[in-house]
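**Student:** I'm passing along work_38.txt; it holds compact mmCIF, C-alpha atoms.
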# COMPACT_ATOMS: atom_id res chain seq x y z
CA MET M 22 -21.00 -16.21 10.16
CA ASN M 23 -18.67 -19.19 10.19
CA VAL M 24 -16.02 -18.57 12.88
CA SER M 25 -13.37 -20.56 11.01
CA TYR M 26 -13.30 -17.94 8.25
CA ARG M 27 -12.50 -15.05 10.60
CA GLN M 28 -8.83 -15.98 10.66
CA ALA M 29 -8.71 -17.15 7.06
CA ASP M 30 -6.43 -15.42 4.58
CA GLU M 31 -7.71 -13.75 1.43
CA ASP M 32 -6.60 -16.55 -0.83
CA MET M 33 -8.59 -19.13 1.12
CA LEU M 34 -11.66 -16.88 1.16
CA VAL M 35 -11.48 -16.33 -2.58
CA LYS M 36 -11.08 -20.05 -3.30
CA ALA M 37 -13.99 -20.95 -1.01
CA SER M 38 -16.16 -18.21 -2.56
CA LEU M 39 -15.37 -19.54 -6.03
CA LYS M 40 -16.74 -22.90 -4.93
CA GLY M 41 -19.99 -21.12 -4.02
CA ASP M 42 -19.39 -20.83 -0.28
CA THR M 43 -21.39 -17.71 0.55
CA THR M 44 -20.16 -17.77 4.16
CA ALA M 45 -16.63 -17.22 2.93
CA PHE M 46 -17.88 -14.47 0.66
CA GLY M 47 -19.72 -12.98 3.64
CA GLU M 48 -16.37 -12.70 5.40
CA ILE M 49 -14.93 -10.86 2.37
CA VAL M 50 -17.89 -8.45 2.53
CA ASN M 51 -17.32 -7.98 6.23
CA ARG M 52 -13.65 -7.17 5.76
CA TYR M 53 -14.05 -4.73 2.89
CA ARG M 54 -17.44 -3.10 3.43
CA ARG M 55 -15.92 -0.03 5.09
CA LEU M 56 -13.37 0.33 2.30
CA VAL M 57 -16.19 0.33 -0.26
CA ALA M 58 -18.36 2.61 1.90
CA ARG M 59 -15.62 5.25 2.01
CA THR M 60 -15.43 5.36 -1.78
CA VAL M 61 -19.13 5.06 -2.56
CA LYS M 62 -20.46 7.29 0.21
CA GLY M 63 -17.58 9.72 -0.20
CA MET M 64 -18.49 10.11 -3.86
CA LEU M 65 -22.29 9.90 -3.71
CA GLY M 66 -23.03 11.19 -0.23
CA ASP M 67 -24.24 9.30 2.80
CA THR M 68 -27.47 8.11 1.21
CA VAL M 69 -29.59 4.98 0.98
CA PHE M 70 -28.94 5.13 -2.72
CA ALA M 71 -25.19 4.81 -2.05
CA GLU M 72 -26.03 1.65 -0.12
CA ASP M 73 -27.44 0.11 -3.32
CA ILE M 74 -24.25 0.86 -5.21
CA GLY M 75 -22.30 -0.68 -2.34
CA GLN M 76 -24.32 -3.88 -2.75
CA GLU M 77 -23.76 -3.80 -6.49
CA VAL M 78 -20.01 -3.64 -5.88
CA PHE M 79 -20.01 -6.87 -3.89
CA VAL M 80 -22.46 -8.63 -6.20
CA LYS M 81 -20.25 -7.71 -9.14
CA LEU M 82 -17.20 -8.88 -7.20
CA TYR M 83 -18.85 -12.24 -6.53
CA TYR M 84 -19.49 -12.83 -10.22
CA SER M 85 -16.10 -11.52 -11.33
CA LEU M 86 -14.08 -13.55 -8.82
CA PRO M 87 -13.20 -16.16 -11.49
CA GLU M 88 -11.34 -13.36 -13.32
CA PHE M 89 -9.37 -12.40 -10.20
CA ARG M 90 -5.92 -13.89 -10.66
CA GLY M 91 -4.39 -12.65 -7.44
CA GLU M 92 -1.82 -10.44 -9.19
CA ALA M 93 -3.06 -7.40 -7.28
CA ARG M 94 -4.39 -7.31 -3.74
CA LEU M 95 -8.06 -8.14 -3.34
CA SER M 96 -8.64 -4.73 -1.73
CA THR M 97 -7.28 -3.01 -4.87
CA TYR M 98 -9.48 -5.18 -7.07
CA ILE M 99 -12.56 -4.33 -4.99
CA GLN M 100 -11.60 -0.67 -4.95
CA LYS M 101 -11.42 -0.60 -8.75
CA ILE M 102 -14.92 -2.11 -9.01
CA ALA M 103 -16.23 0.43 -6.49
CA VAL M 104 -14.65 3.35 -8.39
CA ASN M 105 -16.02 2.16 -11.75
CA LEU M 106 -19.56 1.59 -10.50
CA THR M 107 -19.61 4.89 -8.61
CA LEU M 108 -18.33 6.94 -11.55
CA ASN M 109 -20.79 5.20 -13.89
CA GLU M 110 -23.61 6.02 -11.51
CA ILE M 111 -22.56 9.68 -11.36
CA LYS M 112 -22.49 9.83 -15.17
CA ARG M 113 -25.88 8.14 -15.39
CA ARG M 114 -27.45 10.48 -12.85
CA LYS M 115 -25.88 13.51 -14.48
CA ARG M 116 -27.36 12.52 -17.84
CA MET M 117 -30.72 11.80 -16.31
CA PHE M 118 -30.83 15.05 -14.34
CA SER M 119 -29.67 17.11 -17.31
CA LEU M 120 -32.73 15.86 -19.18
CA PHE M 121 -35.18 17.11 -16.60
CA LEU M 122 -33.52 19.61 -14.34
CA SER M 123 -31.25 22.57 -14.70
CA LYS M 124 -29.96 22.34 -11.15
CA GLY M 125 -26.35 22.48 -10.10
CA ASN M 126 -24.32 19.33 -9.60
CA ASN M 127 -24.41 19.34 -5.82
CA GLU M 128 -28.18 19.41 -5.73
CA MET M 129 -28.32 15.89 -7.12
CA TYR M 130 -27.44 14.45 -3.75
CA GLU M 131 -29.11 14.25 -0.39
CA TYR M 132 -27.46 13.98 2.96
CA GLU M 133 -28.75 11.32 5.29
CA ILE M 134 -26.25 11.10 8.09
CA PRO M 135 -27.42 8.47 10.59
CA ASP M 136 -28.98 9.82 13.78
CA GLU M 137 -27.07 7.55 16.12
CA GLU M 138 -23.80 9.45 15.62
CA SER M 139 -22.82 12.14 18.14
CA SER M 140 -23.37 15.73 17.09
CA ASP M 141 -19.61 16.43 16.87
CA LYS M 142 -19.07 13.47 14.58
CA ARG M 143 -22.14 14.38 12.55
CA GLU M 144 -20.86 17.91 12.07
CA ALA M 145 -17.40 16.72 11.04
CA LYS M 146 -18.89 14.29 8.58
CA GLU M 147 -21.33 16.85 7.24
CA LEU M 148 -18.52 19.34 6.68
CA VAL M 149 -16.49 16.80 4.72
CA ASN M 150 -19.57 15.67 2.79
CA LYS M 151 -20.56 19.19 1.84
CA ALA M 152 -17.05 20.03 0.69
CA LEU M 153 -16.79 16.84 -1.35
CA MET M 154 -20.16 17.22 -3.02
CA GLN M 155 -19.28 20.65 -4.33
CA LEU M 156 -16.23 19.31 -6.11
CA ASP M 157 -16.30 18.21 -9.71
CA PRO M 158 -16.48 14.35 -9.70
CA LYS M 159 -13.11 13.99 -11.46
CA PHE M 160 -11.45 15.97 -8.66
CA ARG M 161 -13.66 14.45 -5.97
CA ILE M 162 -12.52 10.92 -6.71
CA VAL M 163 -8.87 11.92 -6.28
CA VAL M 164 -9.68 13.65 -2.98
CA VAL M 165 -11.65 10.63 -1.73
CA MET M 166 -8.82 8.24 -2.62
CA ARG M 167 -6.29 10.29 -0.69
CA MET M 168 -8.26 11.88 2.13
CA LEU M 169 -10.62 9.05 3.03
CA GLN M 170 -8.77 5.98 1.78
CA GLY M 171 -5.27 7.20 2.58
CA TYR M 172 -3.79 6.17 -0.77
CA SER M 173 -0.60 7.71 -2.08
CA THR M 174 -0.54 9.56 -5.40
CA LYS M 175 0.92 6.47 -7.09
CA GLU M 176 -1.72 4.15 -5.64
CA THR M 177 -4.46 6.63 -6.62
CA ALA M 178 -3.13 6.71 -10.19
CA GLU M 179 -3.09 2.92 -10.34
CA ILE M 180 -6.64 2.50 -9.04
CA LEU M 181 -8.06 5.25 -11.25
CA LYS M 182 -6.02 4.00 -14.22
CA LEU M 183 -4.71 7.51 -14.81
CA PRO M 184 -1.18 8.75 -15.53
CA LEU M 185 0.63 10.07 -12.46
CA GLY M 186 0.85 13.55 -14.01
CA THR M 187 -2.93 13.70 -14.43
CA VAL M 188 -3.48 12.76 -10.79
CA LEU M 189 -0.98 15.42 -9.68
CA SER M 190 -2.64 18.11 -11.76
CA ARG M 191 -6.09 17.08 -10.48
CA LEU M 192 -4.76 17.18 -6.95
CA SER M 193 -3.55 20.72 -7.43
CA ARG M 194 -6.88 21.80 -9.01
CA ALA M 195 -8.82 20.02 -6.27
CA GLN M 196 -6.82 21.86 -3.65
CA GLU M 197 -7.64 25.22 -5.24
CA GLN M 198 -11.33 24.35 -5.44
CA LEU M 199 -11.37 23.04 -1.88
CA LYS M 200 -9.83 26.25 -0.54
CA GLU M 201 -12.67 28.26 -2.09
CA ILE M 202 -15.32 25.79 -0.97
CA LEU M 203 -14.05 25.55 2.61
CA GLN M 204 -13.95 29.33 2.97
CA LYS M 205 -17.70 29.40 2.35
CA LEU M 206 -18.48 26.57 4.77
CA MET G 19 -15.58 19.35 16.71
CA ASN G 20 -13.18 22.02 15.56
CA PRO G 21 -14.15 22.89 11.96
CA THR G 22 -10.83 24.66 11.34
CA GLU G 23 -8.94 21.52 12.25
CA ILE G 24 -11.05 19.42 9.86
CA LYS G 25 -10.60 21.99 7.09
CA LYS G 26 -6.83 21.96 7.65
CA LEU G 27 -6.78 18.16 7.41
CA ILE G 28 -8.83 18.23 4.21
CA LEU G 29 -6.42 20.67 2.56
CA LYS G 30 -3.35 18.92 3.92
CA SER G 31 -4.49 15.63 2.37
CA GLN G 32 -4.17 17.17 -1.09
CA LYS G 33 -0.48 17.97 -0.74
CA ASN G 34 1.61 15.49 -2.66
CA ASP G 35 4.18 14.92 0.09
CA CYS G 36 1.75 14.42 3.00
CA ASP G 37 1.12 11.21 4.95
CA THR G 38 -2.33 10.39 3.56
CA LYS G 39 -2.76 7.30 5.73
CA GLU G 40 -2.25 9.35 8.88
CA ILE G 41 -4.69 12.03 7.69
CA ALA G 42 -7.32 9.40 6.85
CA ARG G 43 -6.83 7.91 10.32
CA GLN G 44 -7.14 11.31 12.02
CA LEU G 45 -10.29 12.16 10.09
CA GLU G 46 -11.80 8.81 10.99
CA ALA G 47 -11.02 9.44 14.65
CA LYS G 48 -12.87 12.75 14.38
CA GLY G 49 -15.98 11.04 13.05
CA VAL G 50 -15.43 11.12 9.30
CA SER G 51 -16.03 7.41 8.90
CA PHE G 52 -18.31 5.59 6.55
CA ASP G 53 -20.06 2.26 6.73
CA PHE G 54 -23.17 0.62 5.38
CA SER G 55 -26.26 -0.38 7.35
CA LYS G 56 -26.15 -3.26 9.83
CA ASP G 57 -27.97 -5.68 7.52
CA PHE G 58 -25.75 -4.87 4.54
CA ASN G 59 -24.04 -8.27 4.54
CA ASN G 60 -27.34 -10.14 4.78
CA LYS G 61 -28.82 -8.16 1.89
CA ILE G 62 -25.90 -9.10 -0.35
CA LEU G 63 -25.96 -12.74 0.67
CA SER G 64 -29.71 -12.98 0.13
CA ARG G 65 -29.32 -11.39 -3.30
CA LEU G 66 -26.68 -13.97 -4.15
CA SER G 67 -28.64 -16.92 -2.81
CA ASP G 68 -31.90 -15.81 -4.41
CA ARG G 69 -30.11 -15.59 -7.72
CA THR G 70 -32.19 -12.52 -8.43
CA VAL G 71 -29.18 -10.75 -9.78
CA SER G 72 -28.90 -10.85 -13.51
CA MET G 73 -25.67 -12.35 -14.75
CA ILE G 74 -25.64 -9.88 -17.61
CA PRO G 75 -25.14 -6.41 -16.17
CA GLU G 76 -27.82 -4.00 -17.23
CA SER G 77 -26.34 -1.52 -19.65
CA ASP G 78 -26.08 2.13 -18.79
CA PHE G 79 -28.38 2.99 -21.68
CA THR G 80 -31.09 0.56 -20.55
CA ARG G 81 -31.03 1.90 -17.00
CA THR G 82 -31.36 5.49 -18.22
CA LEU G 83 -34.11 4.47 -20.64
CA ASN G 84 -36.06 2.74 -17.87
CA THR G 85 -35.92 5.80 -15.64
CA VAL G 86 -36.74 8.20 -18.43
CA PHE G 87 -39.58 5.97 -19.68
CA TYR G 88 -41.55 6.24 -16.43
CA ARG G 89 -41.32 10.01 -16.45
CA ILE G 90 -42.37 10.24 -20.09
CA ALA G 91 -45.20 7.76 -19.52
CA ILE G 92 -46.57 9.73 -16.56
CA THR G 93 -46.36 12.99 -18.51
CA GLY G 94 -48.07 11.31 -21.48
CA ILE G 95 -50.92 9.96 -19.35
CA ALA G 96 -51.42 13.40 -17.79
CA ALA G 97 -51.56 14.98 -21.27
CA ILE G 98 -54.13 12.43 -22.48
CA VAL G 99 -56.35 12.98 -19.42
CA PHE G 100 -56.11 16.75 -19.89
CA LEU G 101 -57.02 16.41 -23.57
CA MET G 102 -60.02 14.18 -22.80
CA ILE G 103 -61.31 16.64 -20.19
CA SER G 104 -60.94 19.60 -22.53
CA ILE G 105 -62.71 17.68 -25.34
CA TYR G 106 -65.52 16.75 -22.95
CA LEU G 107 -65.90 20.37 -21.84
CA MET G 108 -65.88 21.68 -25.42
CA GLU G 109 -67.92 18.99 -27.15
CA GLY G 110 -70.03 17.66 -24.28
CA SER G 111 -68.94 14.06 -24.88
CA VAL G 112 -65.85 11.96 -25.50
CA SER G 113 -67.16 9.96 -28.48
CA ILE G 114 -64.98 9.10 -31.48
CA ASN G 115 -66.59 11.95 -33.41
CA SER G 116 -65.73 14.41 -30.66
CA LEU G 117 -62.16 13.13 -30.52
CA LEU G 118 -61.87 13.61 -34.30
CA GLY G 119 -63.37 17.09 -34.04
CA MET G 120 -66.52 16.11 -35.94
CA GLY G 121 -68.94 16.20 -33.05
CA ASN G 122 -71.05 19.01 -34.48
CA LEU G 123 -70.85 17.97 -38.13
CA TYR G 124 -73.93 16.71 -40.01
CA ASP G 125 -73.62 14.10 -42.75
CA GLU G 126 -74.67 16.70 -45.32
CA SER G 127 -71.90 19.04 -44.24
CA VAL G 128 -69.36 16.23 -44.61
CA LEU G 129 -70.63 15.46 -48.09
CA CYS G 130 -70.41 19.14 -48.95
CA LEU G 131 -66.85 19.32 -47.70
CA LEU G 132 -65.78 16.17 -49.55
CA THR G 133 -67.52 16.77 -52.86
CA GLY G 134 -67.47 20.55 -52.92
CA ILE G 135 -71.14 20.66 -54.09
For the file at hand, write its structure as structure tokens.
**Tutor:**
Amino acid sequence: MNVSYRQADEDMLVKASLKGDTTAFGEIVNRYRRLVARTVKGMLGDTVFAEDIGQEVFVKLYYSLPEFRGEARLSTYIQKIAVNLTLNEIKRRKRMFSLFLSKGNNEMYEYEIPDEESSDKREAKELVNKALMQLDPKFRIVVVMRMLQGYSTKETAEILKLPLGTVLSRLSRAQEQLKEILQKL
Amino acid sequence: MNPTEIKKLILKSQKNDCDTKEIARQLEAKGVSFDFSKDFNNKILSRLSDRTVSMIPESDFTRTLNTVFYRIAITGIAAIVFLMISIYLMEGSVSINSLLGMGNLYDESVLCLLTGI
């Protein structure tokens, strides 16, 4: 990785990436990979398959950079791509599974938490993963945005392109569902 | 790890007036963090440099069709093999006549059937 890009601001990285400088784009990936991972893995589980969607997010970002006008922050722009691709993937998988299986929603996903993490961290992550996967995707995305990304209700509404009232009602429903789910875990 | 503490944080994060950034930070400190594999960056960069990525995103319908096609194709092949084996067992061969169910028919019988004489 080119050292000169480590201190570069977003604007410079975007401009260099637009000129085809993949090193600059590599720096963008490096800065935002964890942000994307929280959304994608939070929604789809910690799986290899989530890794593919993560790659898709950045590939799509690379090709849609000419449309990025800098009105919003780059992180918000990336987050929107991640949310769209993840929700599309959930819909696609749901359709596919409904054709062949009559299993519950949460059985569509596998948990592959890396071995190198300590058992305490693994357990914490597994608990959060299990709780999230039992939520309906439309509630799960709101929970992920707030709990894992730390977004406010307003920011969540903006990223999900939903009215504030809808986000608030989903929050309240998610909380009810989570209470029931967490009691069983 | 204290599961009760994690559960409390999860529920707290859903309250409208809570400090979500602080909760996200606390959860991360307790191990609820996500990242991709070590070679994630390289995979993306090689995909971009190889130009293997289609500029036109594959439609949702096409992706579903591709996945469904393989399953249908495998099921279809299995059905054909099963049919061939059962024909072979019943007729003793897999000739065209056997496939058409005419393995044991004589020409005279066919004439009889067609002309009614």
**Student:** With a distance cut-off of 12 Å and only C-alpha atoms, select the neighbouring residues of Thr44 of chain M, excluding the residue or stretch itself and same-chain residues fewer than 6 positions from it, and output the selection as JSON, numbers by chain.
**Tutor:** {"M": [22, 23, 24, 25, 26, 27, 29, 34, 35, 36, 37, 38, 50, 51], "G": [59, 60, 62, 63, 64, 66, 67]}
**Student:** So, with all atoms listed in the file as the atoms that count, which of M:Thr60, M:Thr187, M:Ser140, M:Ser193 lies closest to Asp53 of chain G?
**Tutor:**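 Of the candidates, the smallest distance to Asp53 of chain G is held by M:Thr60.
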**Student:** Between chain G and chain M, at 6 Å or less, what are the per-residue closest atom pairs and their distances in Å? Count only C-alpha atoms, order by chain and rising residue number, and return it as a tab-separated table.
**Tutor:**
residue	atom	partner	partner_atom	distance
G:Met19	CA	M:Asp141	CA	5.0
G:Ser31	CA	M:Met168	CA	5.3
G:Gln32	CA	M:Leu192	CA	5.9
G:Thr38	CA	M:Gly171	CA	4.4
G:Lys39	CA	M:Gly171	CA	4.0
G:Ala42	CA	M:Leu169	CA	5.1
G:Gly49	CA	M:Lys142	CA	4.2
G:Val50	CA	M:Lys146	CA	4.7
G:Phe52	CA	M:Arg59	CA	5.3
G:Asp53	CA	M:Arg55	CA	5.0
G:Ile62	CA	M:Gln76	CA	6.0
**Student:** One decimal, in Å: what's the spacing between atom CA of Gln100 of chain M and atom CA of Asp35 of chain G?
**Tutor:**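 Atom CA of Asp35 of chain G lies at a distance of 22.7 Å from atom CA of Gln100 of chain M.
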**Student:** Kindly list the centre and edge lengths in Å, rounded to one decimal, for the axis-aligned box that covers all listed atoms of segment 142-147 of chain M plus 4 Å on each of its six sides, as AutoDock Vina command-line options.
**Tutor:**
--center_x -19.8 --center_y 15.7 --center_z 10.9 --size_x 12.7 --size_y 12.4 --size_z 15.3
**Student:** Find the residues around Lys182 of chain M up to 9 Å (only C-alpha atoms counted), leave out those fewer than 4 positions away in its own chain, and share them as JSON, numbers by chain.
**Tutor:** {"M": [101, 177, 178]}
**Student:** What does the structure give for the distance between atom CA of Ile180 of chain M and atom CA of Arg90 of chain M, in Å to one decimal?
**Tutor:**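 Here the two named atoms are 16.5 Å from each other.
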**Student:** Could you please determine the separation between atom CA of Thr93 of chain G and atom CA of Ile111 of chain M in Å, to one decimal place?
**Tutor:**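 The value is 25.1 Å.
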**Student:** Could you check the closest approach to Phe54 of chain G for each of M:Glu179, M:Phe70, M:Gln28, M:Asp42 and tell me which residue wins, using all atoms listed in the file?
**Tutor:**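 Distance minimum relative to Phe54 of chain G lands on M:Phe70.
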**Student:** Please, could N, CA and C atoms be added to segment 32-48 of chain G and the result written as a PDB file, in the coordinates of the input?
**Tutor:**
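This is the output file out_16.pdb:
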ATOM      1  N   GLN G  32      -4.361  16.975   0.352  1.00  0.00           N
ATOM      2  CA  GLN G  32      -4.170  17.170  -1.090  1.00  0.00           C
ATOM      3  C   GLN G  32      -2.735  17.545  -1.462  1.00  0.00           C
ATOM      4  N   LYS G  33      -1.887  17.684  -0.439  1.00  0.00           N
ATOM      5  CA  LYS G  33      -0.480  17.970  -0.740  1.00  0.00           C
ATOM      6  C   LYS G  33       0.222  16.667  -1.089  1.00  0.00           C
ATOM      7  N   ASN G  34       0.995  16.711  -2.135  1.00  0.00           N
ATOM      8  CA  ASN G  34       1.610  15.490  -2.660  1.00  0.00           C
ATOM      9  C   ASN G  34       2.510  14.775  -1.654  1.00  0.00           C
ATOM     10  N   ASP G  35       3.194  15.537  -0.805  1.00  0.00           N
ATOM     11  CA  ASP G  35       4.180  14.920   0.090  1.00  0.00           C
ATOM     12  C   ASP G  35       3.616  14.570   1.483  1.00  0.00           C
ATOM     13  N   CYS G  36       2.297  14.661   1.658  1.00  0.00           N
ATOM     14  CA  CYS G  36       1.750  14.420   3.000  1.00  0.00           C
ATOM     15  C   CYS G  36       1.547  12.924   3.267  1.00  0.00           C
ATOM     16  N   ASP G  37       1.381  12.602   4.559  1.00  0.00           N
ATOM     17  CA  ASP G  37       1.120  11.210   4.950  1.00  0.00           C
ATOM     18  C   ASP G  37      -0.393  10.989   4.898  1.00  0.00           C
ATOM     19  N   THR G  38      -0.880  10.516   3.765  1.00  0.00           N
ATOM     20  CA  THR G  38      -2.330  10.390   3.560  1.00  0.00           C
ATOM     21  C   THR G  38      -2.976   9.367   4.520  1.00  0.00           C
ATOM     22  N   LYS G  39      -2.212   8.329   4.831  1.00  0.00           N
ATOM     23  CA  LYS G  39      -2.760   7.300   5.730  1.00  0.00           C
ATOM     24  C   LYS G  39      -3.036   7.890   7.108  1.00  0.00           C
ATOM     25  N   GLU G  40      -2.111   8.728   7.569  1.00  0.00           N
ATOM     26  CA  GLU G  40      -2.250   9.350   8.880  1.00  0.00           C
ATOM     27  C   GLU G  40      -3.440  10.324   8.879  1.00  0.00           C
ATOM     28  N   ILE G  41      -3.571  11.076   7.780  1.00  0.00           N
ATOM     29  CA  ILE G  41      -4.690  12.030   7.690  1.00  0.00           C
ATOM     30  C   ILE G  41      -6.024  11.285   7.683  1.00  0.00           C
ATOM     31  N   ALA G  42      -6.084  10.199   6.905  1.00  0.00           N
ATOM     32  CA  ALA G  42      -7.320   9.400   6.850  1.00  0.00           C
ATOM     33  C   ALA G  42      -7.656   8.860   8.251  1.00  0.00           C
ATOM     34  N   ARG G  43      -6.622   8.442   8.971  1.00  0.00           N
ATOM     35  CA  ARG G  43      -6.830   7.910  10.320  1.00  0.00           C
ATOM     36  C   ARG G  43      -7.345   9.001  11.268  1.00  0.00           C
ATOM     37  N   GLN G  44      -6.732  10.193  11.158  1.00  0.00           N
ATOM     38  CA  GLN G  44      -7.140  11.310  12.020  1.00  0.00           C
ATOM     39  C   GLN G  44      -8.584  11.734  11.740  1.00  0.00           C
ATOM     40  N   LEU G  45      -8.914  11.779  10.454  1.00  0.00           N
ATOM     41  CA  LEU G  45     -10.290  12.160  10.090  1.00  0.00           C
ATOM     42  C   LEU G  45     -11.292  11.140  10.614  1.00  0.00           C
ATOM     43  N   GLU G  46     -10.919   9.875  10.511  1.00  0.00           N
ATOM     44  CA  GLU G  46     -11.800   8.810  10.990  1.00  0.00           C
ATOM     45  C   GLU G  46     -12.005   8.937  12.508  1.00  0.00           C
ATOM     46  N   ALA G  47     -10.926   9.270  13.190  1.00  0.00           N
ATOM     47  CA  ALA G  47     -11.020   9.440  14.650  1.00  0.00           C
ATOM     48  C   ALA G  47     -11.931  10.601  15.016  1.00  0.00           C
ATOM     49  N   LYS G  48     -12.023  11.581  14.110  1.00  0.00           N
ATOM     50  CA  LYS G  48     -12.870  12.750  14.380  1.00  0.00           C
ATOM     51  C   LYS G  48     -14.314  12.538  13.931  1.00  0.00           C
TER      52      LYS G  48
END
